[in-house]
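Student: Contents are CSV, C-alpha atoms; file name start-v9.csv:
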```csv
chain,number,residue,atom,x,y,z
M,1,MET,CA,38.7,-22.8,-24.1
M,2,GLU,CA,37.9,-19.1,-24.0
M,3,ILE,CA,35.2,-18.1,-21.5
M,4,THR,CA,32.9,-15.4,-22.8
M,5,PRO,CA,32.4,-12.7,-20.1
M,6,SER,CA,28.9,-12.0,-19.0
M,7,PRO,CA,27.4,-8.8,-20.5
M,8,PRO,CA,27.2,-5.9,-18.1
M,9,PRO,CA,23.9,-5.3,-16.3
M,10,VAL,CA,21.4,-3.1,-18.1
M,11,CYS,CA,18.7,-3.1,-15.4
M,12,LEU,CA,18.3,-3.9,-11.7
M,13,ALA,CA,16.9,-7.4,-12.4
M,14,ASP,CA,20.2,-8.4,-14.1
M,15,PHE,CA,22.0,-8.1,-10.7
M,16,ALA,CA,19.7,-10.8,-9.2
M,17,ALA,CA,21.2,-13.5,-11.5
M,18,LEU,CA,24.7,-12.2,-10.7
M,19,ALA,CA,24.1,-12.3,-7.0
M,20,ARG,CA,22.6,-15.8,-7.1
M,21,THR,CA,25.8,-17.1,-8.6
M,22,VAL,CA,28.0,-15.7,-5.7
M,23,LEU,CA,25.8,-16.1,-2.6
M,24,PRO,CA,25.4,-19.4,-0.7
M,25,PRO,CA,21.9,-20.8,-1.2
M,26,PRO,CA,20.8,-20.1,2.4
M,27,VAL,CA,22.0,-16.5,2.1
M,28,TRP,CA,20.2,-16.1,-1.2
M,29,ASP,CA,17.0,-17.4,0.4
M,30,TYR,CA,17.4,-15.0,3.3
M,31,VAL,CA,17.7,-12.1,0.9
M,32,ASP,CA,15.2,-13.2,-1.7
M,33,GLY,CA,12.5,-14.8,0.4
M,34,GLY,CA,9.3,-13.6,1.9
M,35,SER,CA,7.0,-14.9,4.7
M,36,GLY,CA,4.4,-17.7,4.5
M,37,THR,CA,3.6,-18.8,1.0
M,38,GLU,CA,5.1,-15.6,-0.3
M,39,VAL,CA,1.7,-14.4,-1.7
M,40,THR,CA,2.4,-10.8,-0.6
M,41,LEU,CA,5.9,-10.9,-2.0
M,42,GLY,CA,4.6,-11.8,-5.4
M,43,HIS,CA,1.7,-9.3,-5.3
M,44,ASN,CA,4.1,-6.4,-4.7
M,45,ARG,CA,5.5,-6.9,-8.2
M,46,ALA,CA,2.2,-7.8,-9.9
M,47,ALA,CA,0.4,-4.8,-8.4
M,48,LEU,CA,3.1,-2.4,-9.7
M,49,ASP,CA,2.8,-3.9,-13.1
M,50,ARG,CA,-0.9,-3.2,-13.1
M,51,VAL,CA,-0.3,0.5,-12.7
M,52,GLY,CA,-0.5,2.2,-16.1
M,53,VAL,CA,0.8,5.8,-16.3
M,54,LEU,CA,-0.9,8.1,-18.8
M,55,PRO,CA,1.9,10.1,-20.5
M,56,ARG,CA,1.4,13.7,-21.6
M,57,MET,CA,2.6,15.0,-25.0
M,58,LEU,CA,4.0,18.2,-26.4
M,59,THR,CA,5.2,19.4,-23.0
M,60,GLY,CA,8.4,20.8,-24.4
M,61,VAL,CA,10.6,18.7,-22.1
M,62,ALA,CA,14.0,17.6,-23.5
M,63,THR,CA,16.1,16.5,-20.5
M,64,PRO,CA,14.2,16.1,-17.2
M,65,SER,CA,15.7,16.9,-13.9
M,66,LEU,CA,15.6,14.2,-11.2
M,67,ARG,CA,16.3,16.4,-8.3
M,68,THR,CA,13.8,16.4,-5.5
M,69,ARG,CA,13.3,17.4,-1.9
M,70,LEU,CA,12.7,14.9,0.9
M,71,LEU,CA,12.3,16.0,4.5
M,72,GLY,CA,13.4,19.5,3.5
M,73,ARG,CA,16.7,18.4,2.0
M,74,GLU,CA,17.6,18.2,-1.7
M,75,TYR,CA,18.6,14.9,-3.2
M,76,ALA,CA,19.7,13.8,-6.7
M,77,MET,CA,16.5,11.7,-7.3
M,78,PRO,CA,13.4,10.7,-5.3
M,79,VAL,CA,15.0,7.4,-4.2
M,80,GLY,CA,16.5,6.1,-1.0
M,81,VAL,CA,18.3,2.9,-0.2
M,82,ALA,CA,16.0,0.9,2.1
M,83,PRO,CA,17.2,-0.3,5.5
M,84,MET,CA,18.5,-3.9,5.3
M,85,ALA,CA,20.2,-6.0,8.0
M,86,TYR,CA,23.6,-7.6,8.0
M,87,GLN,CA,24.9,-6.4,4.7
M,88,ARG,CA,28.3,-7.9,5.3
M,89,LEU,CA,26.5,-11.2,4.9
M,90,VAL,CA,26.4,-10.6,1.1
M,91,HIS,CA,29.7,-8.7,0.7
M,92,PRO,CA,32.7,-8.2,3.1
M,93,ASP,CA,32.6,-4.4,2.6
M,94,GLY,CA,28.9,-4.4,3.7
M,95,GLU,CA,27.2,-1.2,4.9
M,96,PRO,CA,30.0,1.3,4.2
M,97,ALA,CA,30.2,0.2,0.6
M,98,LEU,CA,26.5,0.6,0.0
M,99,ALA,CA,26.4,3.9,1.9
M,100,ALA,CA,29.3,5.2,-0.1
M,101,ALA,CA,27.5,4.3,-3.4
M,102,ALA,CA,24.4,6.1,-2.2
M,103,GLY,CA,26.4,9.1,-1.2
M,104,ALA,CA,28.1,9.3,-4.6
M,105,ALA,CA,24.6,9.0,-6.2
M,106,GLY,CA,23.2,11.8,-4.1
M,107,VAL,CA,20.5,9.8,-2.4
M,108,PRO,CA,19.9,8.9,1.3
M,109,TYR,CA,21.1,5.7,2.7
M,110,LEU,CA,18.9,4.1,5.5
M,111,ALA,CA,21.1,2.3,8.0
M,112,SER,CA,19.5,-0.6,9.8
M,113,ILE,CA,19.8,-1.0,13.6
M,114,LEU,CA,20.8,-4.6,12.6
M,115,GLY,CA,23.7,-3.3,10.5
M,116,SER,CA,26.9,-5.4,10.6
M,117,THR,CA,29.0,-2.2,10.7
M,118,PRO,CA,28.8,0.4,13.5
M,119,ILE,CA,26.8,3.5,12.5
M,120,GLU,CA,29.8,5.7,13.1
M,121,GLN,CA,31.7,4.0,10.3
M,122,VAL,CA,28.6,4.3,8.0
M,123,THR,CA,28.2,8.0,8.4
M,124,ALA,CA,32.0,8.4,8.0
M,125,THR,CA,31.5,7.6,4.3
M,126,GLY,CA,30.0,11.1,3.9
M,127,ALA,CA,26.6,9.7,2.8
M,128,GLU,CA,23.4,11.2,4.0
M,129,VAL,CA,22.3,8.6,6.5
M,130,TRP,CA,18.9,8.0,8.0
M,131,PHE,CA,18.9,5.6,10.9
M,132,GLN,CA,16.3,2.8,11.1
M,133,LEU,CA,15.1,1.8,14.6
M,134,TYR,CA,13.4,-1.3,15.9
M,135,TRP,CA,12.0,-0.6,19.4
M,136,LEU,CA,14.3,-2.2,22.0
M,137,ARG,CA,12.8,-3.8,25.1
M,138,GLU,CA,14.5,-1.3,27.4
M,139,ARG,CA,13.6,2.4,26.8
M,140,ALA,CA,16.9,3.4,28.4
M,141,LEU,CA,18.7,1.6,25.6
M,142,VAL,CA,16.6,3.5,23.1
M,143,VAL,CA,17.6,6.8,24.7
M,144,ASP,CA,21.3,5.8,24.5
M,145,LEU,CA,21.0,4.7,20.9
M,146,LEU,CA,19.3,7.9,19.9
M,147,ALA,CA,22.2,9.9,21.4
M,148,ARG,CA,24.7,7.7,19.5
M,149,VAL,CA,22.8,8.2,16.2
M,150,ARG,CA,22.7,12.0,16.7
M,151,ASP,CA,26.4,12.1,17.5
M,152,ALA,CA,27.2,10.1,14.4
M,153,GLY,CA,25.5,12.7,12.2
M,154,CYS,CA,22.4,10.9,11.0
M,155,ARG,CA,19.9,13.1,9.3
M,156,ALA,CA,16.6,11.3,10.2
M,157,LEU,CA,15.2,8.6,12.3
M,158,VAL,CA,13.1,5.8,10.7
M,159,VAL,CA,11.1,3.7,13.2
M,160,THR,CA,9.9,0.4,11.7
M,161,VAL,CA,6.5,-0.5,13.2
M,162,ASP,CA,5.4,-3.6,11.3
M,163,VAL,CA,7.6,-6.1,13.2
M,164,PRO,CA,5.9,-7.0,16.5
M,165,VAL,CA,7.3,-10.4,15.8
M,166,LEU,CA,9.4,-11.5,12.8
M,167,GLY,CA,7.3,-13.0,9.9
M,168,ARG,CA,7.5,-16.8,9.5
M,169,ARG,CA,9.9,-17.1,6.6
M,170,ARG,CA,9.7,-20.7,5.4
M,171,ARG,CA,12.9,-20.7,3.4
M,172,ASP,CA,14.9,-19.6,6.4
M,173,LEU,CA,13.1,-22.2,8.6
M,174,ARG,CA,14.0,-25.0,6.1
M,175,ASN,CA,17.6,-23.8,6.0
M,176,ALA,CA,17.8,-23.4,9.8
M,177,PHE,CA,19.3,-20.0,8.9
M,178,ARG,CA,21.8,-18.5,11.2
M,179,LEU,CA,24.5,-15.8,11.0
M,180,PRO,CA,28.2,-16.7,10.7
M,181,PRO,CA,30.0,-16.2,14.1
M,182,GLU,CA,32.0,-13.2,12.8
M,183,LEU,CA,28.9,-11.3,11.9
M,184,VAL,CA,27.2,-9.2,14.6
M,185,ALA,CA,24.6,-6.5,14.9
M,186,ALA,CA,27.1,-3.7,15.5
M,187,ASN,CA,24.5,-1.1,16.6
M,188,LEU,CA,23.0,-3.2,19.3
M,189,PRO,CA,24.3,-2.6,22.8
M,190,GLY,CA,26.5,-5.3,24.5
M,191,GLY,CA,26.5,-7.9,21.8
M,192,ARG,CA,22.8,-8.7,22.2
M,193,ASP,CA,22.6,-10.7,19.0
M,194,ASP,CA,24.4,-13.8,20.4
M,195,LEU,CA,21.4,-15.9,19.8
M,196,ALA,CA,21.6,-15.3,16.0
M,197,HIS,CA,24.6,-17.6,15.8
M,198,GLY,CA,23.1,-20.8,17.2
M,199,GLY,CA,21.9,-23.7,15.1
M,200,THR,CA,18.6,-25.6,15.6
M,201,PRO,CA,16.9,-27.6,12.8
M,202,GLY,CA,13.6,-26.0,11.8
M,203,VAL,CA,14.5,-22.8,13.7
M,204,THR,CA,15.6,-19.4,12.3
M,205,GLN,CA,18.1,-18.1,14.8
M,206,VAL,CA,17.7,-14.5,13.6
M,207,THR,CA,14.0,-14.8,14.6
M,208,VAL,CA,15.0,-16.1,18.1
M,209,ASP,CA,17.5,-13.2,18.5
M,210,SER,CA,15.1,-10.5,17.3
M,211,GLY,CA,12.5,-11.8,19.8
M,212,ALA,CA,14.9,-11.4,22.6
M,213,ALA,CA,16.1,-7.9,21.6
M,214,PHE,CA,13.0,-6.1,20.4
M,215,ALA,CA,9.8,-5.1,22.1
M,216,PRO,CA,6.7,-6.7,20.6
M,217,ALA,CA,4.2,-4.3,22.0
M,218,LEU,CA,5.2,-0.9,20.5
M,219,SER,CA,2.2,1.5,20.9
M,220,TRP,CA,1.1,4.9,19.8
M,221,ALA,CA,2.1,6.2,23.2
M,222,ASP,CA,5.7,5.0,22.5
M,223,LEU,CA,5.7,6.7,19.1
M,224,ARG,CA,4.4,10.0,20.6
M,225,TRP,CA,7.2,9.8,23.2
M,226,LEU,CA,9.7,9.2,20.4
M,227,GLY,CA,8.4,12.2,18.5
M,228,GLU,CA,8.7,14.4,21.6
M,229,HIS,CA,12.2,13.2,22.5
M,230,CYS,CA,13.9,12.9,19.1
M,231,ASP,CA,15.2,16.1,17.5
M,232,LEU,CA,15.7,14.4,14.2
M,233,PRO,CA,13.0,14.3,11.5
M,234,LEU,CA,10.8,11.2,12.3
M,235,ILE,CA,9.8,8.7,9.7
M,236,VAL,CA,7.4,5.9,10.4
M,237,LYS,CA,7.9,2.8,8.2
M,238,GLY,CA,5.6,-0.2,7.7
M,239,LEU,CA,2.1,1.4,7.5
M,240,LEU,CA,-0.6,0.2,5.1
M,241,ASP,CA,-3.9,1.5,6.6
M,242,PRO,CA,-4.6,5.2,6.0
M,243,VAL,CA,-5.9,5.5,9.5
M,244,ASP,CA,-2.5,4.5,10.9
M,245,ALA,CA,-0.8,6.9,8.6
M,246,VAL,CA,-2.9,9.8,9.9
M,247,ARG,CA,-2.2,8.8,13.5
M,248,ALA,CA,1.5,8.6,12.7
M,249,ALA,CA,1.5,12.2,11.4
M,250,GLU,CA,-0.5,13.3,14.4
M,251,ALA,CA,2.2,11.7,16.6
M,252,GLY,CA,4.9,13.8,15.0
M,253,ALA,CA,6.0,11.9,11.9
M,254,GLN,CA,7.3,14.1,9.1
M,255,ALA,CA,7.0,11.2,6.7
M,256,VAL,CA,5.5,7.7,6.5
M,257,VAL,CA,6.6,4.8,4.4
M,258,VAL,CA,3.8,2.7,2.9
M,259,SER,CA,5.3,-0.8,3.2
M,260,ASN,CA,4.6,-4.4,3.8
M,261,HIS,CA,8.3,-5.1,4.6
M,262,GLY,CA,8.9,-6.4,1.1
M,263,GLY,CA,6.5,-9.3,1.7
M,264,ARG,CA,8.5,-10.5,4.7
M,265,GLN,CA,5.9,-9.9,7.5
M,266,LEU,CA,2.2,-10.5,7.2
M,267,ASP,CA,1.7,-12.8,4.3
M,268,GLY,CA,-1.7,-11.9,2.8
M,269,ALA,CA,-1.3,-8.2,3.4
M,270,PRO,CA,-2.0,-6.1,0.3
M,271,ALA,CA,0.7,-4.9,-2.0
M,272,SER,CA,2.1,-1.6,-0.8
M,273,VAL,CA,1.4,0.2,-4.0
M,274,THR,CA,-2.3,-0.8,-3.7
M,275,MET,CA,-2.6,1.2,-0.5
M,276,LEU,CA,-0.5,4.2,-1.6
M,277,PRO,CA,-3.3,6.4,-3.1
M,278,GLU,CA,-5.5,6.0,0.0
M,279,VAL,CA,-2.6,6.9,2.3
M,280,VAL,CA,-1.7,9.9,0.2
M,281,ALA,CA,-5.3,11.1,0.2
M,282,ALA,CA,-5.7,10.5,4.0
M,283,VAL,CA,-2.6,12.4,5.2
M,284,GLY,CA,-2.9,15.3,2.7
M,285,ASP,CA,-0.2,17.8,3.6
M,286,ARG,CA,0.3,16.6,7.1
M,287,CYS,CA,3.5,14.6,6.1
M,288,GLU,CA,5.4,13.2,3.2
M,289,VAL,CA,4.6,9.7,1.9
M,290,LEU,CA,7.2,7.3,0.6
M,291,LEU,CA,6.7,3.8,-1.0
M,292,ASP,CA,8.6,0.7,-0.3
M,293,SER,CA,8.3,-2.9,-1.5
M,294,GLY,CA,8.8,-4.2,-5.0
M,295,ILE,CA,10.5,-1.3,-6.7
M,296,ARG,CA,12.6,-2.7,-9.5
M,297,GLY,CA,13.2,0.2,-11.9
M,298,GLY,CA,12.7,3.7,-13.1
M,299,VAL,CA,9.2,3.1,-14.3
M,300,ASP,CA,8.2,1.9,-10.9
M,301,VAL,CA,9.5,5.2,-9.4
M,302,LEU,CA,7.4,7.0,-12.0
M,303,ARG,CA,4.4,5.0,-11.0
M,304,ALA,CA,4.9,5.8,-7.3
M,305,LEU,CA,5.2,9.5,-8.1
M,306,ALA,CA,2.1,9.5,-10.2
M,307,LEU,CA,0.2,7.9,-7.4
M,308,GLY,CA,1.3,10.7,-5.0
M,309,ALA,CA,4.5,9.5,-3.4
M,310,ALA,CA,7.3,11.9,-2.6
M,311,GLY,CA,9.8,9.1,-3.3
M,312,VAL,CA,10.6,5.4,-3.0
M,313,LEU,CA,12.9,3.1,-1.1
M,314,VAL,CA,14.8,0.4,-3.0
M,315,GLY,CA,15.8,-2.7,-1.1
M,316,ARG,CA,16.6,-6.1,-2.6
M,317,PRO,CA,18.1,-4.9,-5.9
M,318,MET,CA,20.7,-2.9,-3.9
M,319,LEU,CA,21.7,-6.1,-2.0
M,320,TRP,CA,22.0,-7.9,-5.3
M,321,ALA,CA,24.2,-5.2,-6.7
M,322,LEU,CA,26.3,-5.1,-3.5
M,323,ALA,CA,26.7,-8.9,-3.5
M,324,SER,CA,27.8,-9.1,-7.1
M,325,GLY,CA,30.0,-6.0,-7.3
M,326,GLY,CA,30.6,-4.3,-4.0
M,327,GLN,CA,30.5,-0.5,-4.0
M,328,ALA,CA,31.0,-0.3,-7.7
M,329,GLY,CA,28.1,-2.7,-8.4
M,330,ALA,CA,25.8,-0.7,-6.1
M,331,GLY,CA,26.9,2.5,-7.9
M,332,THR,CA,26.2,1.0,-11.2
M,333,ALA,CA,22.7,-0.1,-10.0
M,334,LEU,CA,21.9,3.5,-8.8
M,335,ALA,CA,23.2,5.0,-12.1
M,336,LEU,CA,21.0,2.6,-14.1
M,337,LEU,CA,18.0,3.5,-11.9
M,338,ALA,CA,18.7,7.2,-12.5
M,339,ASP,CA,18.9,6.6,-16.3
M,340,GLU,CA,15.7,4.7,-16.3
M,341,LEU,CA,13.8,7.3,-14.3
M,342,ARG,CA,15.1,10.1,-16.5
M,343,ASP,CA,13.9,8.2,-19.6
M,344,ALA,CA,10.5,7.5,-17.9
M,345,LEU,CA,10.0,11.1,-17.0
M,346,ALA,CA,10.9,12.3,-20.6
M,347,LEU,CA,8.6,9.7,-22.1
M,348,ALA,CA,5.8,10.8,-19.8
M,349,GLY,CA,6.3,14.4,-20.7
M,350,CYS,CA,7.5,15.4,-17.2
M,351,ALA,CA,10.2,18.0,-16.5
M,352,ASP,CA,10.8,16.7,-12.9
M,353,PRO,CA,9.4,14.5,-10.2
M,354,ALA,CA,6.9,17.2,-9.2
M,355,ALA,CA,5.4,17.1,-12.6
M,356,ALA,CA,5.1,13.3,-12.4
M,357,ARG,CA,2.8,13.7,-9.4
M,358,GLN,CA,0.3,15.4,-11.7
M,359,LEU,CA,0.1,12.4,-14.1
M,360,ARG,CA,-3.0,10.2,-14.2
M,361,THR,CA,-2.8,6.5,-13.7
M,362,VAL,CA,-5.1,3.8,-15.1
M,363,PRO,CA,-5.4,0.1,-14.2
M,364,MET,CA,-3.8,-2.4,-16.6
M,365,GLY,CA,-4.6,-6.0,-17.0
```
In structure tokens, how does this file's structure come out?

Tutor:
Amino acid sequence: MEITPSPPPVCLADFAALARTVLPPPVWDYVDGGSGTEVTLGHNRAALDRVGVLPRMLTGVATPSLRTRLLGREYAMPVGVAPMAYQRLVHPDGEPALAAAAGAAGVPYLASILGSTPIEQVTATGAEVWFQLYWLRERALVVDLLARVRDAGCRALVVTVDVPVLGRRRRDLRNAFRLPPELVAANLPGGRDDLAHGGTPGVTQVTVDSGAAFAPALSWADLRWLGEHCDLPLIVKGLLDPVDAVRAAEAGAQAVVVSNHGGRQLDGAPASVTMLPEVVAAVGDRCEVLLDSGIRGGVDVLRALALGAAGVLVGRPMLWALASGGQAGAGTALALLADELRDALALAGCADPAAARQLRTVPMG
């Protein structure tokens, strides 16, 4: 009996179905799930769908340019690959494959401190790499890691501030999720993720490990210290309150990421896009503003731009694409996203991302 091959993906959502067929159920849940009852996870998508963009006509635009500037550097489109842990969990080629795809697409790749490949191997792909930091319990280890990140050639430092403790992720608890023994957090000093490999019913071992490695009481004083001692552009990720965004800019951040961690931290927090306009208005020209959580296509990027964002970070869809097709799959996903954004800009009458920031938005539904 002849087997009909699956049609090629035509949008990012198509990669989800492909990934689900190849990932073990506990790994799928780890990637796909949120915290609590997953209310915030669902609201991220619903809130984006309620943003209507008012297109402009007769603007004389034939083929829009996607090129944009983020942190003073030019990129092929206003998109970055969000930081995500343990990418070898979904594909053996892991972080280098996804970084290489981002590099080929001309967009920044945000490398997680919990990456399963050393940062030096990630930057060796030639991608523009921004390094994401969780605050370690020992400041001396932070200093050592910053030196390592600089030496590796990273272009920016992204400090994630919305994880004083890991969100209670019920899917992972039910699965007693743990990492396979061959997988390690390659950027942590001295194999400090040993606890992630244990197995206890009703316990997520990654949560146990994170609690041992990361400081729960990060403060504004710590952030100011980081701004004073880091010679890379500083980005603060995980802010929703405009007051916090202003304080981050005052502490030295060149950019903030409006994010609820993809619905994986405080369940009941508002959708990221809901808070984006207030954050943009509050920070003014103090720093750039990026949006994270729920981005699933080019129209979502257009929505974020119209609401004032300088760009977006895309997370889960890139893991879906990596899981189902390795570097080639991730490259296809980014190419599809670029095609969708180009179409969206043309249909909205925008010559480039800067023009999209002049569009009006209206509530839908």

Student: Pick out the closest residue to Ala186 (chain M) from this set: M:Met318, M:Ala111, M:Ala269, M:Ala281. Count all atoms listed in the file.

Tutor: M:Ala111

Student: To one decimal place in Å, what is the distance between CA of Ala124 (chain M) and CA of Ala100 (chain M)?

Tutor: 9.1 Å

Student: Would you mind listing what lies within 8 Å of region 64-81 of chain M as an MDAnalysis selection string, with all atoms listed in the file counted and same-chain residues fewer than 6 positions away left out?

Tutor: chainID M and resid 102 105:110 233 254:255 288 301 310:315 318 338 341:342 345:346 350:354

Student: For each of M:Val246, M:Leu48, M:Ala13, M:Met84, take the minimum atom-to-atom distance to Val31 (chain M), counting only C-alpha atoms, then give the residue where this is smallest.

Tutor: M:Met84

Student: Using all atoms listed in the file, pick whichever of M:Val39, M:Ser259, M:Thr63, M:Glu278 has the shortest atom-to-atom distance to Asp339 (chain M).

Tutor: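 The shortest atom-to-atom distance to Asp339 (chain M) comes from M:Thr63.
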
Student: Measuring atom to atom with all atoms listed in the file, identify which of M:Pro26, M:Gly94, M:Pro216, M:Gly227 is nearest to Tyr134 (chain M).

Tutor: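 Residue with the minimum atom-to-atom distance to Tyr134 (chain M): M:Pro216.
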
Student: What gap, in Å, lies between CA of Ser116 (chain M) and CA of Val184 (chain M)?

Tutor: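 Interatomic distance here is 5.5 Å.
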
Student: I'd like the neighbourhood of region 218-226 of chain M as a JSON list (two decimals) with C-alpha atoms, in the coordinates of the input, where a residue qualifies if any of its atoms comes within 12 Å (using only C-alpha atoms), though same-chain residues fewer than 3 positions away should be ignored.

Tutor:
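Saved result, selection_20.json, follows:
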```
[["chain", "number", "residue", "atom", "x", "y", "z"],
["M", 133, "LEU", "CA", 15.10, 1.80, 14.60],
["M", 134, "TYR", "CA", 13.40, -1.30, 15.90],
["M", 135, "TRP", "CA", 12.00, -0.60, 19.40],
["M", 136, "LEU", "CA", 14.30, -2.20, 22.00],
["M", 137, "ARG", "CA", 12.80, -3.80, 25.10],
["M", 138, "GLU", "CA", 14.50, -1.30, 27.40],
["M", 139, "ARG", "CA", 13.60, 2.40, 26.80],
["M", 142, "VAL", "CA", 16.60, 3.50, 23.10],
["M", 143, "VAL", "CA", 17.60, 6.80, 24.70],
["M", 146, "LEU", "CA", 19.30, 7.90, 19.90],
["M", 157, "LEU", "CA", 15.20, 8.60, 12.30],
["M", 158, "VAL", "CA", 13.10, 5.80, 10.70],
["M", 159, "VAL", "CA", 11.10, 3.70, 13.20],
["M", 160, "THR", "CA", 9.90, 0.40, 11.70],
["M", 161, "VAL", "CA", 6.50, -0.50, 13.20],
["M", 162, "ASP", "CA", 5.40, -3.60, 11.30],
["M", 163, "VAL", "CA", 7.60, -6.10, 13.20],
["M", 164, "PRO", "CA", 5.90, -7.00, 16.50],
["M", 165, "VAL", "CA", 7.30, -10.40, 15.80],
["M", 214, "PHE", "CA", 13.00, -6.10, 20.40],
["M", 215, "ALA", "CA", 9.80, -5.10, 22.10],
["M", 229, "HIS", "CA", 12.20, 13.20, 22.50],
["M", 230, "CYS", "CA", 13.90, 12.90, 19.10],
["M", 231, "ASP", "CA", 15.20, 16.10, 17.50],
["M", 232, "LEU", "CA", 15.70, 14.40, 14.20],
["M", 233, "PRO", "CA", 13.00, 14.30, 11.50],
["M", 234, "LEU", "CA", 10.80, 11.20, 12.30],
["M", 235, "ILE", "CA", 9.80, 8.70, 9.70],
["M", 236, "VAL", "CA", 7.40, 5.90, 10.40],
["M", 237, "LYS", "CA", 7.90, 2.80, 8.20],
["M", 244, "ASP", "CA", -2.50, 4.50, 10.90],
["M", 245, "ALA", "CA", -0.80, 6.90, 8.60],
["M", 246, "VAL", "CA", -2.90, 9.80, 9.90],
["M", 247, "ARG", "CA", -2.20, 8.80, 13.50],
["M", 248, "ALA", "CA", 1.50, 8.60, 12.70],
["M", 249, "ALA", "CA", 1.50, 12.20, 11.40],
["M", 250, "GLU", "CA", -0.50, 13.30, 14.40],
["M", 251, "ALA", "CA", 2.20, 11.70, 16.60],
["M", 252, "GLY", "CA", 4.90, 13.80, 15.00],
["M", 253, "ALA", "CA", 6.00, 11.90, 11.90]]
```

Student: Between CA of Arg178 (chain M) and CA of Asn44 (chain M), what distance in Å does the model show, to one decimal?

Tutor: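 Between CA of Arg178 (chain M) and CA of Asn44 (chain M) the gap works out to 26.7 Å.
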
Student: From the options M:Ser324, M:Thr361, M:Ser112, M:Thr332, which residue's atoms come nearest to Ala16 (chain M), counting all atoms listed in the file?

Tutor: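 Among the listed residues, the smallest separation from Ala16 (chain M) belongs to M:Ser324.
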
Student: With distances taken over all atoms listed in the file, which of M:Arg155, M:Ala321, M:Leu337, M:Gly52 is nearest to Gly297 (chain M)?

Tutor: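 Comparing M:Arg155, M:Ala321, M:Leu337, M:Gly52 against Gly297 (chain M), the winner is M:Leu337.
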